[in-house]
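Structure file data31.txt (compact mmCIF, C-alpha atoms and all ligand atoms) is printed below.
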# COMPACT_ATOMS: atom_id res chain seq x y z
CA MET A 1127 6.12 -6.37 -47.62
CA LYS A 1128 6.01 -9.67 -45.78
CA THR A 1129 9.73 -9.41 -44.95
CA ILE A 1130 9.33 -5.91 -43.52
CA TYR A 1131 6.44 -7.10 -41.42
CA LEU A 1132 8.47 -10.04 -40.13
CA PHE A 1133 11.45 -7.78 -39.46
CA LEU A 1134 9.23 -5.40 -37.44
CA LEU A 1135 7.82 -8.30 -35.44
CA VAL A 1136 11.31 -9.56 -34.59
CA CYS A 1137 12.35 -6.01 -33.58
CA LEU A 1138 9.32 -5.72 -31.32
CA ALA A 1139 9.99 -9.07 -29.67
CA THR A 1140 13.65 -8.25 -29.03
CA THR A 1141 12.86 -4.80 -27.68
CA SER A 1142 10.41 -6.11 -25.12
CA SER A 1143 12.81 -8.81 -23.98
CA ILE A 1144 15.68 -6.33 -23.68
CA PHE A 1145 13.62 -3.86 -21.69
CA GLY A 1146 11.49 -6.44 -19.92
CA GLN A 1147 7.96 -5.88 -18.87
CA LYS A 1148 5.70 -5.92 -15.89
CA PHE A 1149 2.07 -6.99 -16.07
CA GLU A 1150 0.10 -3.99 -17.26
CA ASN A 1151 -3.41 -3.03 -16.15
CA LEU A 1152 -2.93 -4.23 -12.60
CA ALA A 1153 -3.28 -2.04 -9.50
CA LEU A 1154 -4.84 0.80 -11.46
CA THR A 1155 -5.96 2.11 -8.07
CA PRO A 1156 -3.91 1.54 -4.89
CA PRO A 1157 -4.14 -2.12 -3.77
CA MET A 1158 -6.38 -2.79 -0.77
CA GLY A 1159 -6.09 -5.80 1.47
CA TRP A 1160 -4.67 -7.30 4.63
CA ASN A 1161 -1.15 -8.45 5.48
CA SER A 1162 -0.16 -10.82 8.27
CA TRP A 1163 3.07 -9.20 9.46
CA ASN A 1164 2.12 -6.41 11.85
CA THR A 1165 -0.04 -8.58 14.07
CA PHE A 1166 1.29 -12.10 13.61
CA GLU A 1167 4.92 -11.66 12.59
CA CYS A 1168 6.70 -14.96 12.17
CA ALA A 1169 5.58 -16.87 15.23
CA GLY A 1170 1.84 -16.33 14.85
CA VAL A 1171 1.19 -16.85 11.16
CA ASN A 1172 -0.43 -20.13 10.02
CA GLU A 1173 -3.16 -21.39 7.73
CA THR A 1174 -5.93 -21.06 10.32
CA VAL A 1175 -5.15 -17.38 10.79
CA ILE A 1176 -5.14 -16.80 7.04
CA ARG A 1177 -8.44 -18.61 6.50
CA GLU A 1178 -10.09 -16.81 9.37
CA MET A 1179 -8.81 -13.47 8.14
CA ALA A 1180 -10.30 -14.15 4.70
CA ASP A 1181 -13.60 -15.03 6.42
CA ALA A 1182 -13.45 -11.84 8.50
CA MET A 1183 -12.66 -9.70 5.46
CA VAL A 1184 -16.01 -10.81 4.09
CA THR A 1185 -18.12 -10.87 7.28
CA LYS A 1186 -16.83 -7.56 8.63
CA GLY A 1187 -17.70 -5.75 5.42
CA LEU A 1188 -14.18 -5.04 4.18
CA LYS A 1189 -14.65 -6.94 0.96
CA ASP A 1190 -17.78 -4.94 0.18
CA VAL A 1191 -15.84 -1.67 0.29
CA GLY A 1192 -12.96 -2.86 -1.88
CA TYR A 1193 -10.42 -4.78 0.21
CA GLU A 1194 -9.34 -7.81 -1.81
CA TYR A 1195 -5.81 -9.10 -1.14
CA ILE A 1196 -5.02 -11.47 1.72
CA VAL A 1197 -1.22 -11.42 1.90
CA ILE A 1198 0.88 -13.92 3.86
CA ASP A 1199 4.07 -12.14 4.81
CA ASP A 1200 7.28 -13.82 5.98
CA CYS A 1201 7.59 -17.38 7.35
CA TRP A 1202 5.42 -19.56 5.12
CA GLN A 1203 8.54 -21.14 3.54
CA ILE A 1204 11.14 -23.37 5.15
CA ASP A 1205 13.61 -24.87 2.64
CA ARG A 1206 14.23 -25.88 -0.99
CA ASP A 1207 14.00 -29.33 -2.52
CA GLU A 1208 16.80 -30.95 -4.52
CA ASN A 1209 15.55 -29.22 -7.68
CA GLY A 1210 15.55 -25.80 -6.08
CA TYR A 1211 11.79 -25.49 -5.63
CA ILE A 1212 10.56 -23.85 -2.46
CA ILE A 1213 9.23 -26.04 0.36
CA VAL A 1214 6.31 -24.81 2.45
CA ASP A 1215 6.58 -24.82 6.27
CA LYS A 1216 4.28 -27.78 6.98
CA GLU A 1217 3.97 -26.99 10.66
CA LYS A 1218 2.31 -23.68 9.91
CA PHE A 1219 0.68 -24.59 6.61
CA PRO A 1220 -0.05 -28.34 6.72
CA SER A 1221 -2.48 -28.15 3.79
CA GLY A 1222 0.03 -26.33 1.60
CA ILE A 1223 -0.35 -22.98 -0.09
CA LYS A 1224 -2.40 -24.00 -3.14
CA VAL A 1225 -5.34 -25.11 -0.98
CA LEU A 1226 -5.19 -21.79 0.86
CA VAL A 1227 -5.10 -19.83 -2.40
CA ASP A 1228 -8.17 -21.75 -3.56
CA TYR A 1229 -9.91 -21.02 -0.26
CA VAL A 1230 -9.18 -17.28 -0.49
CA HIS A 1231 -10.36 -17.28 -4.11
CA SER A 1232 -13.54 -19.11 -3.13
CA LYS A 1233 -14.38 -16.09 -0.94
CA GLY A 1234 -14.06 -13.80 -3.97
CA LEU A 1235 -10.73 -12.46 -2.68
CA LYS A 1236 -7.19 -12.50 -4.02
CA PHE A 1237 -4.07 -14.07 -2.59
CA GLY A 1238 -0.67 -12.53 -1.90
CA ILE A 1239 2.61 -14.09 -0.93
CA TYR A 1240 6.03 -12.87 0.23
CA SER A 1241 9.64 -13.46 -0.71
CA ASP A 1242 12.95 -11.66 -0.73
CA ALA A 1243 15.53 -10.70 -3.35
CA GLY A 1244 18.40 -11.90 -1.18
CA THR A 1245 19.63 -15.25 0.07
CA MET A 1246 17.28 -15.13 3.05
CA THR A 1247 14.09 -13.32 4.01
CA CYS A 1248 14.21 -10.86 6.89
CA ALA A 1249 13.09 -13.67 9.23
CA LYS A 1250 15.87 -15.89 7.82
CA ARG A 1251 13.66 -18.14 5.70
CA PRO A 1252 14.95 -19.03 2.20
CA GLY A 1253 15.11 -16.01 -0.14
CA SER A 1254 14.63 -16.10 -3.91
CA LYS A 1255 18.15 -15.18 -5.00
CA GLY A 1256 19.18 -17.60 -7.75
CA PHE A 1257 15.70 -19.20 -7.77
CA GLU A 1258 13.66 -16.35 -9.18
CA TYR A 1259 12.27 -18.22 -12.20
CA LYS A 1260 11.45 -21.32 -10.14
CA ASP A 1261 9.68 -19.27 -7.49
CA ALA A 1262 7.72 -17.28 -10.05
CA GLU A 1263 6.71 -20.54 -11.72
CA THR A 1264 5.57 -21.91 -8.36
CA TYR A 1265 3.50 -18.82 -7.50
CA ALA A 1266 1.88 -18.89 -10.93
CA LYS A 1267 1.07 -22.59 -10.53
CA TRP A 1268 -0.57 -21.91 -7.16
CA GLY A 1269 -2.65 -19.07 -8.60
CA VAL A 1270 -1.02 -16.32 -6.52
CA ASP A 1271 -2.18 -12.78 -7.38
CA TYR A 1272 0.31 -10.55 -5.52
CA LEU A 1273 3.96 -10.79 -4.48
CA LYS A 1274 5.64 -8.66 -1.81
CA TYR A 1275 9.36 -8.85 -2.48
CA ASP A 1276 11.67 -7.81 0.37
CA TRP A 1277 15.29 -6.64 0.50
CA CYS A 1278 17.03 -8.43 3.42
CA TYR A 1279 20.31 -10.32 3.00
CA THR A 1280 21.00 -8.79 -0.41
CA GLU A 1281 24.58 -7.73 0.40
CA GLU A 1282 26.16 -6.34 -2.78
CA GLN A 1283 23.14 -6.97 -5.02
CA ASP A 1284 22.00 -4.11 -7.25
CA ALA A 1285 18.37 -3.25 -6.50
CA LYS A 1286 17.39 -2.38 -10.06
CA THR A 1287 18.82 -5.61 -11.42
CA ALA A 1288 17.33 -7.74 -8.64
CA TYR A 1289 13.81 -6.31 -8.94
CA LYS A 1290 13.87 -6.41 -12.74
CA LEU A 1291 14.94 -10.03 -12.59
CA MET A 1292 11.92 -10.97 -10.49
CA ARG A 1293 9.64 -8.83 -12.64
CA ASP A 1294 10.83 -10.74 -15.71
CA ALA A 1295 10.46 -14.07 -13.95
CA LEU A 1296 6.88 -13.27 -12.99
CA TYR A 1297 6.11 -12.12 -16.51
CA LYS A 1298 7.56 -15.27 -18.00
CA ALA A 1299 5.51 -17.45 -15.64
CA GLY A 1300 2.49 -15.91 -17.34
CA LYS A 1301 0.09 -15.43 -14.43
CA PRO A 1302 -0.67 -11.71 -13.80
CA ILE A 1303 0.74 -10.91 -10.36
CA VAL A 1304 0.89 -7.50 -8.67
CA PHE A 1305 4.56 -6.87 -7.87
CA SER A 1306 5.00 -5.08 -4.54
CA MET A 1307 8.61 -3.99 -4.07
CA CYS A 1308 9.84 -3.69 -0.51
CA GLU A 1309 13.34 -2.24 -0.59
CA TRP A 1310 12.43 0.51 1.91
CA GLY A 1311 13.21 3.37 -0.47
CA GLU A 1312 16.95 2.85 -0.10
CA ASN A 1313 17.60 3.12 -3.85
CA LYS A 1314 14.86 5.64 -4.61
CA PRO A 1315 12.68 3.16 -6.53
CA TRP A 1316 10.22 5.97 -7.39
CA GLU A 1317 12.87 7.20 -9.85
CA TRP A 1318 13.23 3.95 -11.77
CA ALA A 1319 10.56 1.41 -10.88
CA GLU A 1320 7.53 2.64 -12.82
CA ASN A 1321 8.05 -0.21 -15.28
CA VAL A 1322 9.28 -2.68 -12.70
CA GLY A 1323 6.74 -2.86 -9.88
CA HIS A 1324 3.16 -1.83 -9.22
CA LEU A 1325 4.05 -0.35 -5.84
CA TRP A 1326 7.23 0.25 -3.91
CA ARG A 1327 7.92 0.93 -0.28
CA THR A 1328 9.34 4.42 0.22
CA THR A 1329 10.53 4.00 3.81
CA LEU A 1330 11.57 1.62 6.55
CA ASP A 1331 8.83 -0.22 8.45
CA ILE A 1332 5.94 1.55 10.13
CA ASP A 1333 5.99 1.13 13.90
CA MET A 1334 3.71 -1.89 14.15
CA LYS A 1335 2.48 -0.74 17.54
CA GLY A 1336 1.04 2.25 15.71
CA ARG A 1337 2.88 5.00 17.56
CA PHE A 1338 2.16 8.48 16.28
CA ASP A 1339 5.71 9.71 15.94
CA GLY A 1340 9.19 9.98 17.25
CA ASN A 1341 12.05 7.82 18.07
CA ILE A 1342 13.30 6.34 14.84
CA ASN A 1343 14.27 3.25 16.68
CA GLY A 1344 16.00 0.77 14.38
CA ASN A 1345 13.42 -0.01 11.73
CA LEU A 1346 10.39 1.37 13.52
CA ILE A 1347 8.94 4.76 12.66
CA GLY A 1348 5.74 6.41 13.87
CA TRP A 1349 3.15 6.77 11.12
CA SER A 1350 3.19 10.58 11.10
CA ASP A 1351 6.95 10.51 10.42
CA LEU A 1352 6.19 8.38 7.37
CA VAL A 1353 3.85 11.12 6.13
CA ASP A 1354 6.78 13.57 6.17
CA LEU A 1355 8.83 11.19 4.08
CA GLN A 1356 6.22 11.21 1.29
CA VAL A 1357 6.54 14.95 0.64
CA GLY A 1358 7.75 15.52 -2.92
CA LEU A 1359 7.11 11.94 -4.07
CA GLU A 1360 3.65 12.71 -5.45
CA LYS A 1361 4.86 13.14 -9.01
CA TYR A 1362 6.04 9.54 -9.15
CA ALA A 1363 2.69 7.90 -8.32
CA GLY A 1364 -0.13 7.05 -10.68
CA PRO A 1365 -2.33 4.22 -11.92
CA GLY A 1366 -0.31 0.98 -11.81
CA HIS A 1367 2.66 2.47 -9.93
CA TRP A 1368 2.26 3.65 -6.34
CA ASN A 1369 4.43 4.96 -3.54
CA ASP A 1370 3.92 2.71 -0.51
CA PRO A 1371 4.47 4.26 2.94
CA ASP A 1372 3.84 0.77 4.44
CA MET A 1373 0.86 -1.02 5.89
CA LEU A 1374 -1.84 0.49 8.05
CA ALA A 1375 -1.42 0.30 11.81
CA VAL A 1376 -5.09 1.08 12.50
CA GLY A 1377 -6.25 -1.25 15.27
CA ASN A 1378 -2.77 -2.14 16.45
CA ASN A 1379 -2.02 -1.78 20.12
CA ASP A 1380 -5.28 0.09 20.75
CA MET A 1381 -4.33 3.10 18.67
CA PRO A 1382 -6.64 5.90 19.88
CA ILE A 1383 -9.60 6.54 17.60
CA ASN A 1384 -8.52 10.10 16.64
CA GLU A 1385 -5.05 8.90 15.64
CA ALA A 1386 -6.49 5.94 13.75
CA ARG A 1387 -8.80 8.28 11.86
CA ALA A 1388 -5.94 10.67 11.05
CA HIS A 1389 -3.63 7.82 9.99
CA PHE A 1390 -6.26 6.25 7.72
CA THR A 1391 -7.09 9.66 6.25
CA MET A 1392 -3.48 10.50 5.44
CA TRP A 1393 -3.04 7.11 3.73
CA ALA A 1394 -6.19 7.85 1.72
CA MET A 1395 -4.86 11.30 0.78
CA LEU A 1396 -1.49 9.84 -0.22
CA ALA A 1397 -3.10 7.32 -2.59
CA ALA A 1398 -1.23 4.77 -0.48
CA PRO A 1399 -2.01 1.06 -0.66
CA LEU A 1400 -4.56 0.31 2.06
CA MET A 1401 -3.20 -2.87 3.63
CA ALA A 1402 -4.78 -3.44 7.01
CA GLY A 1403 -2.53 -5.24 9.49
CA ASN A 1404 -4.79 -5.68 12.49
CA ASP A 1405 -6.70 -8.75 13.65
CA LEU A 1406 -9.86 -8.37 11.59
CA ARG A 1407 -11.60 -11.10 13.61
CA THR A 1408 -11.52 -9.18 16.87
CA MET A 1409 -11.22 -5.53 15.81
CA SER A 1410 -13.26 -2.91 17.64
CA PHE A 1411 -16.33 -1.44 16.02
CA SER A 1412 -14.63 1.95 15.72
CA ASP A 1413 -11.61 0.48 13.91
CA GLN A 1414 -13.99 -1.36 11.60
CA GLU A 1415 -15.86 1.88 10.93
CA ILE A 1416 -12.62 3.67 10.11
CA LEU A 1417 -11.29 0.94 7.83
CA THR A 1418 -14.58 0.72 5.95
CA ASN A 1419 -15.40 4.42 5.56
CA LYS A 1420 -16.64 4.60 1.97
CA GLU A 1421 -16.06 8.32 1.47
CA LEU A 1422 -12.41 8.07 2.51
CA ILE A 1423 -11.91 4.94 0.44
CA ALA A 1424 -13.35 6.80 -2.56
CA ILE A 1425 -10.67 9.48 -2.04
CA ASN A 1426 -7.97 6.81 -1.96
CA GLN A 1427 -9.36 4.82 -4.88
CA ASP A 1428 -10.17 7.81 -7.11
CA VAL A 1429 -9.35 6.66 -10.63
CA LEU A 1430 -7.44 9.81 -11.51
CA GLY A 1431 -4.74 8.24 -9.32
CA LYS A 1432 -3.16 11.45 -8.01
CA GLN A 1433 -1.18 11.30 -4.80
CA GLY A 1434 -2.06 14.07 -2.35
CA PHE A 1435 0.42 16.80 -1.46
CA LYS A 1436 0.91 19.43 1.21
CA VAL A 1437 -0.26 22.94 0.35
CA LYS A 1438 0.25 24.70 3.72
CA ASP A 1439 2.50 23.97 6.64
CA TYR A 1440 2.06 25.88 9.89
CA GLY A 1441 4.46 23.67 11.82
CA ASN A 1442 2.25 21.17 13.58
CA PHE A 1443 -0.80 22.00 11.51
CA GLU A 1444 -0.90 21.14 7.83
CA ILE A 1445 -3.24 21.32 4.88
CA TRP A 1446 -3.13 18.62 2.23
CA GLN A 1447 -4.85 18.45 -1.12
CA LYS A 1448 -5.67 15.50 -3.38
CA PRO A 1449 -6.98 16.20 -6.88
CA LEU A 1450 -9.90 13.94 -7.83
CA LEU A 1451 -11.75 12.98 -10.96
CA ASN A 1452 -13.96 15.64 -12.58
CA GLY A 1453 -12.20 18.50 -10.84
CA ASP A 1454 -13.27 17.50 -7.34
CA ILE A 1455 -10.70 18.14 -4.62
CA ALA A 1456 -10.10 16.47 -1.24
CA ILE A 1457 -8.76 18.82 1.43
CA CYS A 1458 -7.41 17.54 4.72
CA LEU A 1459 -6.61 19.67 7.76
CA PHE A 1460 -4.14 17.64 9.82
CA ASN A 1461 -3.47 18.66 13.41
CA ARG A 1462 -0.36 16.99 14.85
CA GLU A 1463 -0.59 18.81 18.19
CA THR A 1464 -1.70 17.07 21.36
CA SER A 1465 -4.24 19.87 21.83
CA ASN A 1466 -7.18 21.04 19.68
CA ASN A 1467 -6.56 23.74 17.10
CA LYS A 1468 -9.00 26.35 15.78
CA TYR A 1469 -8.46 27.22 12.13
CA GLN A 1470 -9.98 29.99 10.10
CA VAL A 1471 -10.83 28.45 6.74
CA ASN A 1472 -10.36 31.03 4.01
CA TRP A 1473 -10.79 29.11 0.77
CA LYS A 1474 -9.02 31.55 -1.50
CA GLN A 1475 -5.95 31.77 0.71
CA MET A 1476 -5.32 28.09 1.27
CA ASN A 1477 -3.01 27.65 -1.68
CA ILE A 1478 -5.25 25.02 -3.24
CA LYS A 1479 -3.98 24.10 -6.68
CA GLY A 1480 -6.58 24.42 -9.44
CA PHE A 1481 -9.08 26.09 -7.10
CA SER A 1482 -11.21 27.95 -9.58
CA GLU A 1483 -14.82 28.34 -8.71
CA GLU A 1484 -17.53 27.62 -6.26
CA TYR A 1485 -17.56 24.11 -4.85
CA SER A 1486 -20.00 22.38 -2.57
CA ILE A 1487 -18.32 21.12 0.60
CA LYS A 1488 -18.81 17.81 2.32
CA ASN A 1489 -17.23 17.07 5.70
CA LEU A 1490 -16.39 13.41 5.14
CA TRP A 1491 -15.98 12.04 8.67
CA GLU A 1492 -19.17 13.81 9.74
CA ASP A 1493 -20.89 12.73 6.52
CA LYS A 1494 -22.45 16.18 6.19
CA THR A 1495 -22.71 18.69 3.34
CA ILE A 1496 -21.95 22.07 4.84
CA GLY A 1497 -22.49 24.73 2.17
CA THR A 1498 -20.17 26.12 -0.45
CA THR A 1499 -16.71 27.63 -0.73
CA ASN A 1500 -18.30 31.06 -1.06
CA THR A 1501 -18.42 31.09 2.71
CA ASN A 1502 -15.40 31.02 5.01
CA PHE A 1503 -15.68 29.65 8.57
CA LEU A 1504 -13.81 28.82 11.73
CA ILE A 1505 -13.28 25.14 12.44
CA GLU A 1506 -11.84 23.20 15.33
CA VAL A 1507 -9.57 20.27 14.50
CA PRO A 1508 -9.16 18.03 17.55
CA ALA A 1509 -5.77 16.95 18.86
CA ARG A 1510 -3.90 14.51 16.59
CA ASP A 1511 -6.86 14.37 14.30
CA VAL A 1512 -8.08 15.53 10.91
CA VAL A 1513 -11.00 17.25 9.26
CA VAL A 1514 -11.47 16.22 5.64
CA PHE A 1515 -13.59 17.95 3.04
CA ARG A 1516 -14.57 16.86 -0.40
CA LEU A 1517 -15.04 19.87 -2.65
CA ALA A 1518 -17.29 19.14 -5.63
CA LYS A 1519 -17.92 21.36 -8.63
C1 LIG B 1 10.84 -6.45 6.47
C2 LIG B 1 9.66 -5.77 5.78
C3 LIG B 1 8.43 -5.96 6.63
C4 LIG B 1 8.14 -7.45 6.82
C5 LIG B 1 9.35 -8.14 7.42
C6 LIG B 1 9.21 -9.66 7.41
O1 LIG B 1 11.15 -5.81 7.67
O2 LIG B 1 9.93 -4.41 5.57
O3 LIG B 1 7.32 -5.31 6.03
O4 LIG B 1 7.83 -8.01 5.57
O5 LIG B 1 10.55 -7.83 6.73
O6 LIG B 1 10.31 -10.32 7.91
Could I get this structure in the form of structure tokens?
Amino acid sequence: MKTIYLFLLVCLATTSSIFGQKFENLALTPPMGWNSWNTFECAGVNETVIREMADAMVTKGLKDVGYEYIVIDDCWQIDRDENGYIIVDKEKFPSGIKVLVDYVHSKGLKFGIYSDAGTMTCAKRPGSKGFEYKDAETYAKWGVDYLKYDWCYTEEQDAKTAYKLMRDALYKAGKPIVFSMCEWGENKPWEWAENVGHLWRTTLDIDMKGRFDGNINGNLIGWSDLVDLQVGLEKYAGPGHWNDPDMLAVGNNDMPINEARAHFTMWAMLAAPLMAGNDLRTMSFSDQEILTNKELIAINQDVLGKQGFKVKDYGNFEIWQKPLLNGDIAICLFNRETSNNKYQVNWKQMNIKGFSEEYSIKNLWEDKTIGTTNTNFLIEVPARDVVVFRLAK
């Protein structure tokens, strides 16, 4: 009996080391936080910015509604020492990273860091290739909670192998770390990364100036184009493994309020990670209101973990659905036109999956309950804007 037991134990141990493992029970709802890249890029990021952003996340009410990760993107690292351990850029981060991690933790928040699977990061700082185990060990020692792992300068590397290698390194280091894969969807990570990362980018970078659409200019894509690229990916998302259409551009470059509302709503509907990228210290009141809307965040963070999908497409006017816990349903009318659009809501003809009975309707941005689905009505959706309903049984 004892021998069989031992044999089974050995089998189990070998299996998990052959197949590797990510940290389970992390990111059971889409991660929420802030990332330095879209506003500060390489030149502007430093420890003062990161500290002040952690402060602002608390004072501006973002922490209260669920934002938790403060992520330093590229450019915190400068070199490696003679043993291969990463060296922090002391000009930008004179106190080192550990002190900053402790500071962020002292605010009740979590800390994220950035590296790259290749020889260099996208901003040409040292990448992790060949140093995966050392880097993972370092992050664990610092108390890091989240790693964004990029895909620049990877030449002939195989994405699956490279991301699994870092997953295994993180696991071995022993500190639970959310693994955010950033290979821009080039190798269709949704098809193979469920057991590798907790989230994976599905596209190239969002236009950090927050443009609505158009002009796929190098790496920059308007946010509504990113929405199109999520169609059909919904079956790959769920608790602990999310499609990531990139960070939020709300508040960047004075994005108009209607577009900011529509952008935030679509990210909520898509069960996308909600990573703000604006300057939280100086954001406008309307951007703050959008980023902290509890009803929309509840749609995004719904524990059923279903990614929303399109149920009707009239060209520049679309209807999206997101199934929620207990049979509730979020419905979003998305008007991409630059003019207002009147829409006749006919509940039974909207193609809503699982629509079965009478629901009460709440208009989420207006924060108003407006009757039940037994009544149809005409509604106006403003230009480049949304109307979102929560249907409750
Ligand atoms: C890539 C990523 C971005 C950002 C930059 C940093 O472009 O996709 O999100 O991390 O690198 O250099």
Neighbouring residues of Gly1170 in chain A were defined as those with any atom within 12 Å, considering only C-alpha atoms; residues of the same chain fewer than 2 positions away were excluded. Please report them as an NGL selection string. :A and (1162-1168 or 1172-1176 or 1198-1202 or 1217-1219 or 1405)
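Interatomic distance, CA of Thr1391 in chain A to CA of Ile1425 in chain A: 9.0 Å.
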As a quick test: using all atoms listed in the file, which residues lie no more than 10 Å away from ligand LIG 1 (chain B)? Give them as a ChimeraX atom specification. /A:1161-1164,1167-1168,1198-1201,1240-1242,1246-1251,1274-1278,1307-1310,1327,1329-1332,1334,1345-1346,1372-1373
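Using only C-alpha atoms, the nearest neighbour of Tyr1289 in chain A within the list A:Gly1364, A:Gly1358, A:Gly1146, A:Gly1222 is A:Gly1146.
Here CA of Gln1356 in chain A stands at a distance of 18.9 Å from CA of Val1376 in chain A.
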Just checking: using all atoms listed in the file, which residue out of A:Gly1187, A:Ala1518, A:Arg1462, A:Phe1503 ends up closest to Ser1482 in chain A? A:Ala1518
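The interatomic distance for the pair CA of Gly1434 in chain A and CA of Met1395 in chain A works out to 5.0 Å.
Checking A:Glu1385, A:Glu1312, A:Glu1208, A:Asp1181 one by one against Ala1285 in chain A, counting all atoms listed in the file, you find the shortest gap at A:Glu1312.
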Near Phe1390 in chain A, within 8 Å and counting all atoms listed in the file, which residues show up once chain neighbours fewer than 5 positions away are dropped, as a list in words? Leu1374, Val1376, Ile1416 and Leu1417 of chain A
Identify the residues around (-10.4, 19.6, 2.4) within a radius of 10 Å, measuring from all atoms listed in the file in the coordinates stated by the file, and give them as a PyMOL selection string. chain A and resi 1445-1448+1455-1460+1471+1473+1476+1478+1487-1490+1512-1517
Counting all atoms listed in the file, what is within 7 Å of Glu1484 in chain A, bar same-chain residues fewer than 2 positions away, as a VMD selection string? chain A and resid 1486 1498 to 1500 1519
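Here the question is which of A:Trp1368, A:Tyr1297, A:Phe1305, A:Phe1435 gets nearest to Val1353 in chain A using all atoms listed in the file, and that residue is A:Phe1435.
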Report, as JSON, the centre and edge lengths in Å (one decimal) of the axis-aligned box enclosing every listed atom of range 1297-1300 of chain A, padded by 6 Å on each side.
{"center_x": 5.0, "center_y": -14.8, "center_z": -16.8, "size_x": 17.1, "size_y": 17.3, "size_z": 14.4}
If we count only C-alpha atoms, what is near Met1183 in chain A at a cut-off of 9 Å, once residues fewer than 4 positions away on the same chain are taken out, given as JSON, numbers by chain? {"A": [1159, 1160, 1178, 1179, 1187, 1188, 1189, 1190, 1193, 1194, 1196, 1235, 1406, 1407]}
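You can rank A:Asp1354, A:Asp1207, A:Asp1294, A:Asp1284 by their closest distance to Lys1436 in chain A using all atoms listed in the file, and at the top of that list sits A:Asp1354.
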Find the residues near Gln1203 in chain A: any atom within 7 Å, counting all atoms listed in the file, skip ones fewer than 2 places away on the same chain, and give them as a count of residues only. 8
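Ranking A:Gln1414, A:Gly1441, A:Gln1283, A:Ala1299 by their shortest atom-to-atom distance to Arg1387 in chain A, with all atoms listed in the file included, puts A:Gln1414 first.
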